[in-house]
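Student: You'll find upload_26.txt just under this line, and it carries compact mmCIF, C-alpha atoms.
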# COMPACT_ATOMS: atom_id res chain seq x y z
CA MET A 1 9.28 10.65 6.78
CA ASP A 2 10.53 10.47 3.25
CA LEU A 3 12.14 7.47 1.60
CA LYS A 4 15.87 6.80 1.90
CA LEU A 5 17.50 4.28 -0.40
CA GLY A 6 20.96 2.77 -0.39
CA HIS A 7 22.58 -0.34 -1.81
CA TYR A 8 25.77 -2.35 -1.53
CA ASN A 9 27.16 -5.62 -2.74
CA LYS A 10 27.81 -8.48 -0.37
CA ASP A 11 28.98 -11.89 -1.51
CA GLY A 12 27.88 -11.10 -5.04
CA ILE A 13 24.37 -10.18 -3.97
CA GLU A 14 23.06 -6.66 -4.22
CA VAL A 15 21.47 -5.56 -0.96
CA VAL A 16 19.03 -2.64 -1.11
CA ASP A 17 18.45 -0.80 2.16
CA VAL A 18 15.09 0.93 2.33
CA GLU A 19 14.19 3.36 5.09
CA GLY A 20 10.99 5.37 5.57
CA GLU A 21 7.67 5.21 3.78
CA ILE A 22 6.96 3.39 0.51
CA ASP A 23 3.74 4.74 -0.92
CA VAL A 24 2.21 6.10 -4.11
CA TYR A 25 4.49 9.15 -3.88
CA THR A 26 7.82 7.54 -3.04
CA ALA A 27 7.52 4.10 -4.67
CA PRO A 28 8.63 5.33 -8.11
CA ARG A 29 12.10 6.02 -6.66
CA LEU A 30 12.41 2.44 -5.44
CA ARG A 31 11.15 1.23 -8.81
CA GLU A 32 13.82 3.26 -10.59
CA LEU A 33 16.55 1.88 -8.33
CA LEU A 34 15.49 -1.74 -8.87
CA ILE A 35 15.28 -1.21 -12.63
CA ASP A 36 18.71 0.41 -12.60
CA LEU A 37 20.24 -2.48 -10.65
CA VAL A 38 18.75 -5.04 -13.02
CA ASN A 39 19.91 -3.05 -16.03
CA LYS A 40 23.42 -3.27 -14.54
CA ASN A 41 23.15 -7.06 -14.49
CA ASN A 42 22.33 -7.47 -10.80
CA TYR A 43 19.86 -10.35 -10.75
CA GLN A 44 20.30 -11.53 -7.17
CA LEU A 45 18.68 -8.92 -4.97
CA VAL A 46 17.87 -8.61 -1.29
CA VAL A 47 15.62 -5.74 -0.21
CA ASN A 48 16.16 -4.93 3.45
CA MET A 49 12.90 -3.51 4.81
CA GLU A 50 13.78 -3.44 8.48
CA LYS A 51 13.60 0.36 8.56
CA VAL A 52 10.46 0.67 6.45
CA GLU A 53 7.78 2.47 8.41
CA PHE A 54 4.96 2.23 5.91
CA LEU A 55 4.25 0.09 2.86
CA ASP A 56 1.16 0.20 0.65
CA SER A 57 0.00 -1.70 -2.42
CA THR A 58 1.95 0.63 -4.69
CA GLY A 59 5.11 -0.46 -2.89
CA LEU A 60 4.05 -4.09 -3.21
CA GLY A 61 3.59 -3.55 -6.92
CA VAL A 62 7.12 -2.18 -7.21
CA LEU A 63 8.56 -5.17 -5.34
CA VAL A 64 6.61 -7.58 -7.55
CA GLY A 65 7.79 -5.67 -10.61
CA GLY A 66 11.37 -6.08 -9.40
CA LEU A 67 10.80 -9.77 -8.81
CA LYS A 68 9.50 -10.21 -12.34
CA ARG A 69 12.51 -8.44 -13.75
CA VAL A 70 15.10 -10.55 -11.93
CA ARG A 71 13.19 -13.77 -12.61
CA ALA A 72 13.39 -12.98 -16.31
CA HIS A 73 17.14 -13.43 -15.84
CA ASP A 74 16.80 -16.50 -13.59
CA GLY A 75 17.48 -14.29 -10.58
CA SER A 76 15.62 -13.79 -7.34
CA LEU A 77 14.48 -10.99 -5.07
CA ASP A 78 14.25 -11.77 -1.37
CA LEU A 79 13.08 -9.56 1.46
CA VAL A 80 14.31 -8.92 4.97
CA CYS A 81 11.50 -7.99 7.31
CA THR A 82 10.58 -8.80 10.89
CA GLN A 83 8.12 -5.96 11.53
CA GLU A 84 4.68 -7.34 12.11
CA ARG A 85 2.86 -4.33 10.68
CA ILE A 86 4.76 -4.68 7.38
CA LEU A 87 4.51 -8.47 7.31
CA LYS A 88 0.78 -8.18 7.73
CA ILE A 89 0.29 -6.57 4.35
CA PHE A 90 2.28 -9.36 2.70
CA ARG A 91 0.07 -11.89 4.46
CA ILE A 92 -3.28 -10.37 3.58
CA THR A 93 -2.28 -10.09 -0.06
CA GLY A 94 -0.90 -13.62 -0.24
CA LEU A 95 2.53 -12.34 -1.21
CA THR A 96 4.25 -14.33 1.53
CA LYS A 97 3.93 -17.18 -0.98
CA VAL A 98 5.68 -15.18 -3.64
CA PHE A 99 8.63 -13.65 -1.80
CA GLY A 100 11.26 -15.25 0.36
CA ILE A 101 11.06 -13.27 3.60
CA HIS A 102 13.96 -13.52 6.05
CA ASN A 103 14.89 -12.21 9.46
CA THR A 104 18.31 -10.82 8.57
CA VAL A 105 20.30 -9.85 5.51
CA ASP A 106 22.73 -12.68 6.26
CA ASP A 107 19.85 -15.16 6.37
CA ALA A 108 18.60 -13.90 3.01
CA ILE A 109 22.04 -14.19 1.45
CA ALA A 110 22.53 -17.66 2.92
CA ALA A 111 19.15 -18.74 1.55
CA LYS A 112 20.19 -17.66 -1.92
CA GLY A 113 23.33 -19.73 -1.58
CA ASP A 114 21.22 -22.76 -0.72
CA LYS A 115 19.08 -22.46 -3.86
CA MET B 1 -22.02 16.07 9.37
CA PRO B 2 -18.53 14.57 9.40
CA THR B 3 -16.28 15.16 12.39
CA VAL B 4 -13.51 16.18 10.01
CA GLU B 5 -13.67 16.66 6.26
CA VAL B 6 -10.60 17.07 4.09
CA THR B 7 -10.32 17.78 0.40
CA PHE B 8 -7.01 17.70 -1.41
CA THR B 9 -5.57 18.16 -4.87
CA PRO B 10 -5.15 14.72 -6.44
CA LEU B 11 -1.38 14.48 -6.13
CA PRO B 12 0.48 11.46 -4.70
CA ALA B 13 2.40 13.75 -2.35
CA HIS B 14 -0.81 14.61 -0.50
CA VAL B 15 -1.82 11.03 0.22
CA ARG B 16 0.60 10.88 3.12
CA THR B 17 -0.96 13.99 4.63
CA ALA B 18 -4.42 12.48 4.22
CA ARG B 19 -3.55 9.26 6.02
CA LEU B 20 -1.81 11.13 8.82
CA VAL B 21 -4.92 13.25 9.35
CA ALA B 22 -7.13 10.17 9.31
CA THR B 23 -4.92 8.47 11.87
CA ALA B 24 -5.00 11.50 14.13
CA VAL B 25 -8.78 11.78 13.95
CA ALA B 26 -9.13 8.03 14.56
CA ARG B 27 -7.00 8.31 17.68
CA ARG B 28 -9.05 11.24 18.87
CA SER B 29 -12.22 9.26 18.21
CA GLY B 30 -11.09 6.47 20.49
CA VAL B 31 -9.97 3.88 17.95
CA ASP B 32 -7.71 1.38 19.68
CA GLU B 33 -3.99 2.06 19.22
CA ALA B 34 -3.58 -1.45 17.80
CA LEU B 35 -5.93 -0.56 14.93
CA LEU B 36 -4.38 2.76 13.98
CA ASP B 37 -1.89 1.17 11.58
CA GLU B 38 -4.80 -0.46 9.80
CA VAL B 39 -6.66 2.85 9.57
CA ARG B 40 -3.56 4.54 8.21
CA LEU B 41 -2.95 1.90 5.57
CA ALA B 42 -6.58 1.48 4.51
CA VAL B 43 -7.17 5.24 4.17
CA GLY B 44 -3.90 5.54 2.27
CA GLU B 45 -4.99 2.81 -0.14
CA ALA B 46 -8.38 4.41 -0.69
CA CYS B 47 -6.80 7.82 -1.28
CA SER B 48 -4.18 6.38 -3.65
CA ARG B 49 -6.95 4.78 -5.69
CA ALA B 50 -8.93 8.02 -5.78
CA VAL B 51 -5.87 10.10 -6.72
CA GLU B 52 -5.08 7.74 -9.58
CA ALA B 53 -8.69 7.93 -10.81
CA HIS B 54 -8.69 11.73 -10.67
CA ARG B 55 -5.37 12.01 -12.42
CA ARG B 56 -6.81 9.98 -15.29
CA HIS B 57 -10.24 11.52 -15.48
CA CYS B 58 -10.43 14.88 -13.71
CA PRO B 59 -7.08 16.20 -12.38
CA ALA B 60 -8.57 19.57 -11.46
CA GLU B 61 -11.13 18.06 -9.06
CA PRO B 62 -10.19 17.47 -5.41
CA VAL B 63 -10.46 14.14 -3.62
CA LYS B 64 -12.67 14.19 -0.52
CA ILE B 65 -12.32 12.34 2.78
CA GLU B 66 -15.01 12.43 5.44
CA MET B 67 -14.15 11.12 8.89
CA THR B 68 -16.99 10.69 11.35
CA ASP B 69 -16.98 9.67 14.99
CA GLN B 70 -20.27 7.81 15.36
CA GLY B 71 -19.72 6.88 18.95
CA GLU B 72 -19.09 3.16 18.66
CA ARG B 73 -17.74 3.30 15.11
CA PHE B 74 -15.18 5.50 13.40
CA VAL B 75 -16.23 5.89 9.78
CA VAL B 76 -14.09 7.07 6.88
CA VAL B 77 -15.49 7.73 3.42
CA VAL B 78 -13.10 8.49 0.57
CA SER B 79 -14.90 9.79 -2.50
CA ASP B 80 -13.68 10.43 -5.98
CA HIS B 81 -15.48 12.33 -8.70
CA ALA B 82 -14.08 10.41 -11.61
CA PRO B 83 -16.87 8.85 -13.71
CA GLY B 84 -15.86 5.47 -15.04
CA SER B 85 -13.21 4.94 -12.37
CA ALA B 86 -15.10 2.09 -10.70
CA PRO B 87 -13.21 -1.14 -10.14
CA VAL B 88 -14.49 -3.90 -12.43
CA SER B 89 -16.06 -5.87 -9.60
CA VAL B 90 -17.96 -2.84 -8.38
CA GLY B 91 -19.62 -2.36 -11.72
CA ALA B 92 -20.65 -6.00 -11.64
CA ASN B 93 -22.23 -6.27 -8.22
CA GLY B 94 -21.43 -3.36 -5.99
CA SER B 95 -23.40 -0.53 -7.51
CA ASN B 96 -26.04 -0.84 -4.82
CA GLY B 97 -23.50 -0.11 -2.13
CA HIS B 98 -23.12 -3.66 -0.87
CA ALA B 99 -19.72 -4.67 0.38
CA VAL B 100 -17.36 -5.83 -2.32
CA ARG B 101 -15.03 -8.58 -1.23
CA HIS B 102 -11.91 -9.58 -3.09
CA ASP B 103 -9.91 -12.76 -2.90
CA PRO B 104 -6.52 -11.45 -1.74
CA VAL B 105 -4.59 -14.50 -2.93
CA ALA B 106 -6.18 -14.43 -6.36
CA ASP B 107 -5.43 -10.73 -6.57
CA ALA B 108 -1.84 -11.38 -5.54
CA VAL B 109 -1.45 -13.97 -8.27
CA ALA B 110 -2.96 -11.55 -10.76
CA LEU B 111 -0.53 -8.96 -9.51
CA VAL B 112 2.45 -11.22 -10.07
CA GLN B 113 1.25 -12.27 -13.48
CA GLY B 114 0.05 -8.94 -14.67
CA ALA B 115 1.94 -6.22 -12.86
CA GLU B 116 3.09 -3.44 -15.06
CA GLU B 117 5.89 -1.17 -14.06
CA ALA B 118 3.51 1.76 -14.29
CA GLY B 119 1.09 0.47 -11.72
CA ILE B 120 -0.87 -2.40 -10.25
CA PRO B 121 -4.21 -3.89 -11.17
CA ALA B 122 -7.28 -1.90 -10.24
CA GLY B 123 -8.83 -3.45 -7.20
CA PHE B 124 -5.63 -4.60 -5.54
CA GLY B 125 -5.68 -1.64 -3.18
CA LEU B 126 -9.29 -2.50 -2.39
CA ALA B 127 -8.22 -6.05 -1.63
CA VAL B 128 -5.77 -4.65 0.88
CA ILE B 129 -8.50 -2.48 2.41
CA SER B 130 -10.78 -5.51 2.67
CA GLY B 131 -8.11 -7.26 4.64
CA LEU B 132 -7.68 -4.33 7.00
CA ALA B 133 -11.11 -2.97 7.82
CA ASP B 134 -13.80 -5.28 9.15
CA ASP B 135 -16.47 -3.20 7.44
CA VAL B 136 -15.88 -2.03 3.87
CA SER B 137 -18.28 -1.07 1.13
CA VAL B 138 -17.67 0.40 -2.28
CA SER B 139 -20.41 2.43 -3.94
CA SER B 140 -20.30 3.43 -7.55
CA THR B 141 -22.49 6.15 -9.01
CA SER B 142 -22.49 8.06 -12.25
CA THR B 143 -20.37 10.72 -10.60
CA GLY B 144 -17.67 8.55 -9.04
CA VAL B 145 -16.79 5.95 -6.43
CA SER B 146 -16.99 6.10 -2.65
CA VAL B 147 -15.07 3.74 -0.41
CA ARG B 148 -16.59 3.53 3.07
CA MET B 149 -14.62 1.91 5.87
CA SER B 150 -15.23 1.73 9.59
CA TRP B 151 -13.55 0.54 12.75
CA PRO B 152 -14.75 0.14 16.32
CA SER B 153 -14.10 3.09 18.57
CA ALA B 154 -14.51 3.75 22.23
CA VAL B 155 -16.93 6.35 23.47
CA LEU B 156 -14.73 9.02 24.99
CA THR B 157 -15.97 10.68 28.10
CA ALA B 158 -13.50 13.58 28.22
So, in terms of C-alpha cells, how does the structure I just supplied come out?
Tutor:
Amino acid sequence: MDLKLGHYNKDGIEVVDVEGEIDVYTAPRLRELLIDLVNKNNYQLVVNMEKVEFLDSTGLGVLVGGLKRVRAHDGSLDLVCTQERILKIFRITGLTKVFGIHNTVDDAIAAKGDK
Amino acid sequence: MPTVEVTFTPLPAHVRTARLVATAVARRSGVDEALLDEVRLAVGEACSRAVEAHRRHCPAEPVKIEMTDQGERFVVVVSDHAPGSAPVSVGANGSNGHAVRHDPVADAVALVQGAEEAGIPAGFGLAVISGLADDVSVSSTSTGVSVRMSWPSAVLTA
C-alpha cells in the first residue's frame, strides 16, 4: 500500500498522521511534509505511526531529519507507536533513546506539556 | 541454482516489489511466519542500498536478488554491480566475505549527528539488517557488493 499523510493541529501541537509504507520510495513525501511544517513555524510535532505498515532505515532517516529541524528551534518531535514490528526497528537502531515514543496521541501531547 | 532470481531496474519504486517477492518465497520455503517481517525489512534494506549504489554509479544496470531454499536455511543474496559502492567497514575488513557487524547504537548516534536530508549514512541499512538476520555477510569485490542473509526454514514435505 502507498503512503497516506495528513496533519492537524491539536492544543498547539501539529499531529502528523502517517498510514501505509515508509520506504525509500515514499519517504521523500514525508520528508517534504515535515520540512513544510517546520518552515511554517511548527516546532512541536507528533508523528502518529499507528497505521504504518512498514518502516525502513530511509524512513528513520526522515524522522531523525525532522527531529534535527525542530530541535534547531528548541522544538521536539515525538512518535506514537504501539506496533511491535515497527518498535523493533527503533530498538535495534538505538533510536528509542532519541525519540519519545508514546501509546496515544493524547499521551504524546501531554508529555510535551510536561516538558 | 537459486529457487527464485529477480532482477530489477534500480528505481526506489521497485524495492517494494522486491521485498514482497522475497517474503512470498520465504513463506513458500517454510520460514516461520514470525520471521517474515524480518525477511521483508532486511531484503528491503539490502535492495535500497543496492538501488542507491546503482543510481550513483551505474543506473542502467539492474539489481539482482537470488533467493534459495536450502532446506534448513532460506538464503537471500542481494548483489549490486556498482564498483566503489562498498560500505566503509566492508573495505576495511569484510572483503574476504566475513560477516560485518555494526554497532547499532553507535550508528544511530552517527545518524542523529550526521543525517542529511538527502539520505542517511552508508552502513545504517546494514546495521538494521544485522539486527534482523541472524546470519549476515557482506562481500565486496571489484565489481560490486553482495549482501547475503539467511534465516531458518522448515523442510516442507508437500
Student: Can you tell me which residues surround Val62 in chain A at a distance of at most 7 Å, considering only C-alpha atoms, apart from same-chain residues fewer than 3 positions away, and format the answer as a list in words?
Tutor: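 Final neighbour list, sorted by chain and number: Ala27, Arg31, Thr58, Gly59, Gly65 and Gly66 of chain A.
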Student: Restricting it to C-alpha atoms, dump the selection as a PDB file, in the frame of the given file.
Tutor:
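What landed in out-v2.pdb:
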ATOM      1  CA  ALA A  27       7.520   4.100  -4.670  1.00  0.00           C
ATOM      2  CA  ARG A  31      11.150   1.230  -8.810  1.00  0.00           C
ATOM      3  CA  THR A  58       1.950   0.630  -4.690  1.00  0.00           C
ATOM      4  CA  GLY A  59       5.110  -0.460  -2.890  1.00  0.00           C
ATOM      5  CA  GLY A  65       7.790  -5.670 -10.610  1.00  0.00           C
ATOM      6  CA  GLY A  66      11.370  -6.080  -9.400  1.00  0.00           C
TER       7      GLY A  66
END
Student: With all atoms listed in the file as the basis for distance, which of A:Ala111, A:Ile101, A:Val18, A:Leu37 is at the shortest distance from Val80 in chain A?
Tutor: A:Ile101
Student: Determine, for each residue of chain A having at least one atom at most 7 Å from an atom of chain B, the closest pair of atoms and their separation in Å to one decimal, counting all atoms listed in the file; order by chain and ascending number, as JSON lines.
Tutor:
{"residue": "A:Val24", "atom": "CA", "partner": "B:Pro12", "partner_atom": "CA", "distance": 5.7}
{"residue": "A:Tyr25", "atom": "CA", "partner": "B:Pro12", "partner_atom": "CA", "distance": 4.7}
{"residue": "A:Asp56", "atom": "CA", "partner": "B:Leu41", "partner_atom": "CA", "distance": 6.6}
{"residue": "A:Ser57", "atom": "CA", "partner": "B:Gly125", "partner_atom": "CA", "distance": 5.7}
{"residue": "A:Thr58", "atom": "CA", "partner": "B:Ile120", "partner_atom": "CA", "distance": 6.9}
{"residue": "A:Gly61", "atom": "CA", "partner": "B:Ile120", "partner_atom": "CA", "distance": 5.7}
{"residue": "A:Val64", "atom": "CA", "partner": "B:Val112", "partner_atom": "CA", "distance": 6.1}
{"residue": "A:Gly65", "atom": "CA", "partner": "B:Glu117", "partner_atom": "CA", "distance": 6.0}
{"residue": "A:Ile92", "atom": "CA", "partner": "B:Gly131", "partner_atom": "CA", "distance": 5.8}
{"residue": "A:Thr93", "atom": "CA", "partner": "B:Pro104", "partner_atom": "CA", "distance": 4.8}
{"residue": "A:Gly94", "atom": "CA", "partner": "B:Val105", "partner_atom": "CA", "distance": 4.7}
{"residue": "A:Leu95", "atom": "CA", "partner": "B:Ala108", "partner_atom": "CA", "distance": 6.2}
Student: Looking at all atoms listed in the file, which of B:Ala24, B:Val31, B:Val75, B:Ala46 is the one that sits closest to Ser153 in chain B?
Tutor: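 Of the candidates, the smallest distance to Ser153 in chain B is held by B:Val31.
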Student: Calculate how many Å separate CA of Ser150 in chain B from CA of Glu5 in chain B, rounding to one decimal.
Tutor: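 For CA of Ser150 in chain B relative to CA of Glu5 in chain B, the distance reads 15.4 Å.
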Student: Which polymer residues have any atom within 8 Å of an atom of Ala108 in chain A, counting all atoms listed in the file, with same-chain residues fewer than 6 positions away left out, as a PyMOL selection string?
Tutor: chain A and resi 46+78-80+100-102
Student: Give me, as a list in words, all polymer residues having an atom no more than 12 Å from Asn39 in chain A, counting only C-alpha atoms and skipping those fewer than 3 positions away in the same chain.
Tutor: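 Counting only C-alpha atoms, the residues come to Glu32, Leu33, Leu34, Ile35, Asp36, Asn42, Tyr43, Gly66, Arg69, Val70, Ala72 and His73 of chain A.
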